Structure formats: C-alpha cells, structure tokens
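Visitor: The structure follows.
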Amino acid sequence: MHAAVVSYLQVALDVPLQRTFDYLWAGPAPTVGSRVVVPFGKQTLAGVVVAVSAELDPARGLTVAQLKASQAVLDDMPPLPADILALCKFCSDYYAWPLGQVIAAALPGALRQPQPWQGGQALQFWQALDVTALLGQLSPRAHKQRAVAEALAVPRSIEQVRAVAHDGGRWLKEWIAAGWVVEAVPQADTAPPQASAHPDLTACQASAVARLNAAQGYQPFLLYGVTGSGKTEVYLREIEARLAHGGQVLVLVPEINLTPQLEARFRLRFPHEHIVALHSGLADGERTRNWLLAAQGRARIVLGTRLAVFTPLPHLALIVVDEEHDQSYRQQEGFRYSARDVAVYRARQAQVPIVLGSATPAIESWRNMREGRYTLLTLGQRAVTGAKPPQMTLISTQQQRLFDGLTQTAINTLRDCLDAGQQALVFINRRGYSPVLACHECGWIASCKRCDARLVLHREDRRLRCHHCGWESPPPAQCPDCGNADLQPLGFGTQRLEETLTGLFPDTPPLRIDRDNTRRKGSLDAMLQQVHAGEARLLVGTQMLAKGHDFAGLSLVVVVNADAGLFSTDFRAQERLFAQLLQVAGRAGRAGLPGRVLIQTRYHDDPFYPQLMSGDYAAFADRVLQERKANDLPPYSAWAMLRAESKTLMRAVTYLREAVQLLRTQPGIHAGAPIPALMMRKANQERAQVLVSSSSRPALQSAMRFLMGELLQKKAPGVRWYIDIDPSEA
DNA sequence: GGGCGTGTATTT
DNA sequence: AATACACGCCCC
C-alpha cells in the first residue's frame, strides 16, 4: 500500500461568478485542461481544470476542510490544449467575462454536460488488416458482407460501414473480435486535386496567392476585393498550399446560411480532405464529433461561424475570416466577443498567417492596413470575364408618387427585367408585413408592453410580434384607446411588399426570403434551389439575401428604402449602410448579364450617395477614418460600455453614477454620465449605460479591471450589470 | 396552517 | 445560473 496521492484542482465552472473553484482529487493528478465532474451547491456540474497543485495555495483563502472532492475526471475529450486555455484566459480578461463561461462557449454542448459523452465510437475508424484474406473467409454468396469487407480496405467509421450494409455494424464487431479488422487512423490523401478544379487566376489573384504563400509565422492580410472578384478562389489556393505542408486551416464565415454553399465548394475542391462544419445549426452530437475530429487533428479543414474560432487545432497553419466586416462575428448576448478580433489574436498566438477578406472592410481593419499592421492584397476586377460592376441609379421618392412604397420607375424597370426573362430582387430591410399598426382616429400605435418598441404586424398568421423580446398576440379588433375598428398598417415590411408585387406581377409570383420563413432547417436551401433553377424570378428579401449568394440570372436589384441608416445617431451607421448597399448591389449581374441597381431614397442630395455610386469603398473608408480621428472616435480611442439593468431606471442610473465616481479616480479615463439605453426598456427591465473611453487601451483595460473588483464587492440588490468592450452600438 | 410571490445569500 | 430559505401576504 502506498500513501494516497491528493491533488488540488482549480476548476473553471460555467457559472456567472468571477472566480474558479478548488476541489480535491484523490488519485493521479489530472492534466490541466481535463474535463471534471464536481459537486457545486446542490448541483453537479462539469468544469475544466485550469490548474493543478500538490498543496493548497494559501492565497486562495480556503482551508482543506472547506473543499469537496471532484467526482470524476472524464476522458471523452482530449484535455483542452494549453493554447486554447490561454486564448480563453485572454478573452476572459479582455472581455471581462468569467473564465468558466468563456470556456463553456468554446466547448460543444455535449461536453458541457456533467456526464461522459457517449458518442465516442463514431470517432473511431476501422480497417481490414488483409482484405483478400478476409474475403477468403466469407461465403462467396454473402454479397453484402463482401461489400463491407471491401469498403474496409481504407479506414471507415461505423457510420460509413452501416451505410454500406444495414448489418455492417454487427459484422464489423465480429471481425474486430476475430482480429480481422483493427482500429486505424485515416490518412489524409495528399494527391493533388484534378486540374479541372482549378480555374485560371487573374493577375490580381495570382499576385495575392503568391504573397500569401510567402508568408511565414504571424502575418495578417487584408484581402480587399469587390464582390465577384474571386476572393474564395484565393482562399482555396492558399488553403491547398497550407494543407500540402500538413497543416490544418480554420475558415470563418458570418452566417450558418453560408456554410452549406461554401462547404459544397470546398468538398468539390478537396475531395480527399476531411472537412467539418461547426455552427449552432448542427445537432449536438454532430457538432461534438466535428469538434473532436478537429481537436484530434483528423479534420484538416474547419468551416464555421464565430463559435468555431475556439476550436482546438493542433496543426493550425492558416486562418481565413471571410466577409470580415460582418456584424455576425460579434456575439451580442452573454459573453460578448468579436470572433474576428479573437481570430487575429489566435493567429498571432499560433504564429500563423490570417486572411481577412471583404469588399467593404471594417473601418478598424482598414486602419490597421493603412497604418501598416495588415498587408493589403487587392483584387481589382471581377473574375468572370466581361462582368462589369453594376450600374447604380438613385430614384428620389420626393419627386415621385409612391405606389405601396414603390416608385413608378422601379415598377417599370422591374417589368422590363421580368419581361426579358431575367431575375430581379427587391430588397427591404424589414421583415414582417408592416412595421406599425396604427389608429388613424386617435394616433394609437401598437407597441410592446415590455419593451420600448413597436409591434410588427405579420400577415400570414395574423400576429403582432415584438422583434426584440419575442412577445406576440393577435392584433386587436379595434383601437384599445378610442374603439375605432379601422386599424391601418403603416409602412412596409417584406410581407406587405410581397403582397403588392403579387398584385403587380400576377404572372411571376414573388418568392419572399427572410428570417420568418427560413427558420426551418433546409427551407432556405430549398428556396435558393428554386432561384437557381429559375423557377422563382422575382425575389423579395431582407439582408439575408444580400450575403454571398450567387444568382446567375439576376440582373436587377431594387432597394426600396435606403434612408434609415443615413441619419442614425450611431456613428457606424453610414459605413454599415455603404457595406450593405454594395453587398446587395453585388448580387446583380454576377455572371455575364449586366447588372442594374435602383436605390429609392428621399435624400438623393446627400454627399453619401456620390461615393456609393462610384463604388469606391477605399475613398469612403479613408474619409470615415479621417472623421473618426478628428472626432476621437474608435478606433482612435478605446471604448467600453458599462450597462446596467434594473426594474426601475432610477436604480440602474444611481448604480452607474457610483461606478462613474469610481472610474473618475482612474488616470486617463473619460466616463460620461449615465444615460438611458437606446431601447430603454427591454423585456420589462429598465436599462441604462455609461460610455467609458480612453486614448490608451491599456489604461481602459486596467480601469475596467479596477471597476470590476470594486463592483463585485458592492452588493446591489436588483441591479444586473455587465461590461461591453468595443461596443458595436453607442 | 398552506400556498403563493419576492428578495437574498450561497455556491470550493 | 441554480438553488434554498426567509419573509410577507392572502386565504377564511
């Protein structure tokens, strides 16, 4: 008998508490990064070991008697590697969010449960030691068995075996027991893809690829190219080069909707590579499996949305962030982070190149490029020979009568386009039927009882919905204030536009595509299929349609109302509008057909439009940068937003006022006055916020750390607060 | 007393 | 976040 070995584990748990918890473990010390099951109050939770020691550190302020024992160390996942733990630690510090919750965000759902994951067998691959000998053992008439045996000439997962024959799993088990089949690791096939898969590169593309190929260690690139200039082909070439050297690549895309399309293109290009997708639309089991395959280094291409930025990749050699300006890279709830920024940090940490691609780069990235921190790669022309940038026209809605939101010019142009047998897209930035339901007698407007927001009328199911908290109800039969029975929808959403277009073009029924009718899995794919097949020629949609989809027959885009973004209080609104309109415009005329874009606006005189029409994003971005610098706005000053929610606005504001007092003791920090949030009330919580800024990011970081320490010690009944670093809206 | 909402202390 | 418990309130 030898003495029992006891280790002390520091465990990060998925709880909103700014500390880690200590547990005893009797037995051989687990590796840092291991998944453990621990008791926590009355609960049993899964956590990740972030430190192991042989003695209890007195600085933890605990006695051994206070510690509980960890229940289990799980081996269903390889311990989180040190680089991912370090990345999580960095994010926890930078974004002021509990480490345990950052780690939880980095793990797939099944690995956050306090039970071992049972899907491990799906990860194993099996191969026949000697196929000929095995075939000799089998009856010549057992065709199915023989087919399975032949398939096992190369490593196969149990799923692949079952796909060959229904009873494949049973036979596999027998053959493993008999020693005919053994576990095997699939070898990545390094045979070069067929030459046919390689389109010719333009001069710009070739030069971009050459410079990427030459990159060693950490080097960030800004790949700036108009829609249709062939950014994806540049990614593919560089990925191919990095894979050839045995590396793994991480490709981030803004939205789940874009992954199937890109995935298909990648599979076609790399038929022998193990490619996995990682996004929130996957079933838990599949996401866990894909995550583990990447973590084991078996999947060499990871294609995912923002959450994929935390995937362990032992042989990471390249990171690609497609459409790097896209807002979807920011997590807006809970652990607020920017996956693009985290990706850049990760590239530096892993000492690998990173490519940020966009036709309309984020102003922050543009500045990094202008100041020499990012290398600029420009793709100047459209890759399809003969394709020209779309012709943009402004239509003033001040001078023309509107017919249900559409000008006569727009209607005529739509008709010409449809008569010519081409496709058209009508773009509107609002889903639903109409934004407001109003009473013309007394001015009553349907609004949410829990938020400061208007309710949106959805015609299909006759419901009023709050797009902010999800509350819904049937529309009232009469005005609740004055009893008038004639309530009128005001303004336009996708659904009302769909109705209008149905009336205008009875022969070409419009296809509406927005979040409301694409919630079901696969429904968007089915609709896109219709578009590609030419069955749907008139499309109505929100920004969902603006992103990344290639519609060969589309030659006209009508933007119904561009003005909302023009006069916002948010200093980022104009660049978003610019990016959005350029993206939408990029949908028109991608393959040979000349594209036309009509933009309806009341403010056709605004200096914004000439720049948009010229399509010169570089000039626009430079001007925005100058303005930002002159006004000391991000990225020239570092911002953080301290937000507080409470039942009453008073309480939230009072709390923030105290926080401001604390902040003003810190050097180099500017803290404004607490103000009610843009949407003051949301889900029955009053919300207020304080903008904190500094010309020095380290100063801001240390001030926020100081503030956190102080606020955590203060008890504030009924007030919830959090810090939003680099907030996306003011 | 029982059945509730609400507020608050605790979690290693 | 989840949980448990201590209040106060109502029931009649």
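Naming works like this for the structure tokens: A, B, ... for the chains as they're shown, residue 1 at the start of each chain, ligands 1 onward in shown order.
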Write out as an MDAnalysis selection string every residue belonging to chain A that has an atom at most 10 Å from any atom of chain C, counting only C-alpha atoms (C1' of nucleotides).
Guide: chainID A and resid 14:17 40:43
Visitor: Generate the output file for the selected residues, N, CA, C and O atoms, as an mmCIF file, in the first residue's frame.
Guide:
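Generated file (out39.cif):
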```cif
data_model
loop_
_atom_site.group_PDB
_atom_site.id
_atom_site.type_symbol
_atom_site.label_atom_id
_atom_site.label_comp_id
_atom_site.auth_asym_id
_atom_site.auth_seq_id
_atom_site.Cartn_x
_atom_site.Cartn_y
_atom_site.Cartn_z
ATOM 1 N N ASP A 14 -19.107 26.818 -15.451
ATOM 2 C CA ASP A 14 -20.000 27.659 -16.255
ATOM 3 C C ASP A 14 -21.023 28.348 -15.352
ATOM 4 O O ASP A 14 -22.210 28.067 -15.410
ATOM 5 N N VAL A 15 -20.536 29.219 -14.472
ATOM 6 C CA VAL A 15 -21.420 29.997 -13.609
ATOM 7 C C VAL A 15 -21.003 31.462 -13.698
ATOM 8 O O VAL A 15 -19.838 31.757 -13.972
ATOM 9 N N PRO A 16 -21.929 32.392 -13.481
ATOM 10 C CA PRO A 16 -21.604 33.814 -13.670
ATOM 11 C C PRO A 16 -20.839 34.386 -12.486
ATOM 12 O O PRO A 16 -21.226 35.402 -11.928
ATOM 13 N N LEU A 17 -19.788 33.730 -12.063
ATOM 14 C CA LEU A 17 -19.019 34.186 -10.915
ATOM 15 C C LEU A 17 -17.578 34.362 -11.342
ATOM 16 O O LEU A 17 -17.018 33.491 -12.015
ATOM 17 N N PHE A 40 -21.471 21.164 -6.782
ATOM 18 C CA PHE A 40 -21.476 22.620 -6.645
ATOM 19 C C PHE A 40 -22.810 23.000 -6.016
ATOM 20 O O PHE A 40 -23.837 22.991 -6.691
ATOM 21 N N GLY A 41 -22.794 23.340 -4.730
ATOM 22 C CA GLY A 41 -24.062 23.530 -4.041
ATOM 23 C C GLY A 41 -24.832 22.236 -4.116
ATOM 24 O O GLY A 41 -24.290 21.163 -3.857
ATOM 25 N N LYS A 42 -26.068 22.345 -4.522
ATOM 26 C CA LYS A 42 -26.884 21.144 -4.662
ATOM 27 C C LYS A 42 -26.740 20.532 -6.067
ATOM 28 O O LYS A 42 -27.362 19.527 -6.375
ATOM 29 N N GLN A 43 -25.975 21.191 -6.910
ATOM 30 C CA GLN A 43 -25.895 20.726 -8.290
ATOM 31 C C GLN A 43 -24.644 19.891 -8.543
ATOM 32 O O GLN A 43 -23.715 19.895 -7.752
#
```
Visitor: What residues in chain A have any atom no more than 12 Å from chain B when counting only C-alpha atoms (C1' of nucleotides), and can you write them as a PyMOL selection string?
Guide: chain A and resi 8-13+15-17+19-24+38-45+56+60-70+715-718
Visitor: Run DSSP on the backbone and grab whatever in range 274-314 of chain A lands in strand (DSSP E); send it over as an MDAnalysis selection string.
Guide: chainID A and resid 275:278 301:304
Visitor: Output C-alpha atoms of each residue in that selection to a file, as a short mmCIF file (atom, residue, chain, number, x, y, z; two decimals), in the first residue's frame.
Guide:
```cif
data_model
loop_
_atom_site.label_atom_id
_atom_site.label_comp_id
_atom_site.auth_asym_id
_atom_site.auth_seq_id
_atom_site.Cartn_x
_atom_site.Cartn_y
_atom_site.Cartn_z
CA ILE A 275 -13.81 18.82 -43.87
CA VAL A 276 -16.03 19.59 -40.88
CA ALA A 277 -18.56 22.33 -40.28
CA LEU A 278 -19.03 23.97 -36.90
CA ILE A 301 -10.43 21.95 -42.74
CA VAL A 302 -12.81 23.54 -40.23
CA LEU A 303 -15.54 25.70 -41.72
CA GLY A 304 -17.54 27.53 -39.12
#
```
Visitor: Taking the chain letters and numbering used in this document, name the residues of range 312-400 of chain A that DSSP puts in alpha helix (DSSP H), as a list in words.
Guide: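 Alpha helix (DSSP H) members of range 312-400 of chain A, listed: Ala339, Arg340, Asp341, Val342, Ala343, Val344, Tyr345, Arg346, Ala347, Arg348, Gln349, Ala350, Ile363, Glu364, Ser365, Trp366, Arg367, Asn368, Met369 and Arg370 of chain A.
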Visitor: So which residues touch range 517-522 of chain A within 12 Å, counting only C-alpha atoms (C1' of nucleotides), skipping near sequence neighbours fewer than 2 positions away, as an MDAnalysis selection string?
Guide: chainID A and resid 256:257 260 280:283 431:432 458 460:461 494:495 511:515 524:529 540:542 544:545
Visitor: So the first atom is CA of Asn412 in chain A and the second is CA of Phe492 in chain A; what is the distance between them in Å, to one decimal place?
Guide: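 Interatomic distance here is 19.8 Å.
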Visitor: For range 704-714 of chain A, list every protein, DNA or RNA residue within 8 Å, evaluated using only C-alpha atoms (C1' of nucleotides), and leave out those in the same chain fewer than 5 positions away; present the list as a PyMOL selection string.
Guide: chain A and resi 96+659+662-663
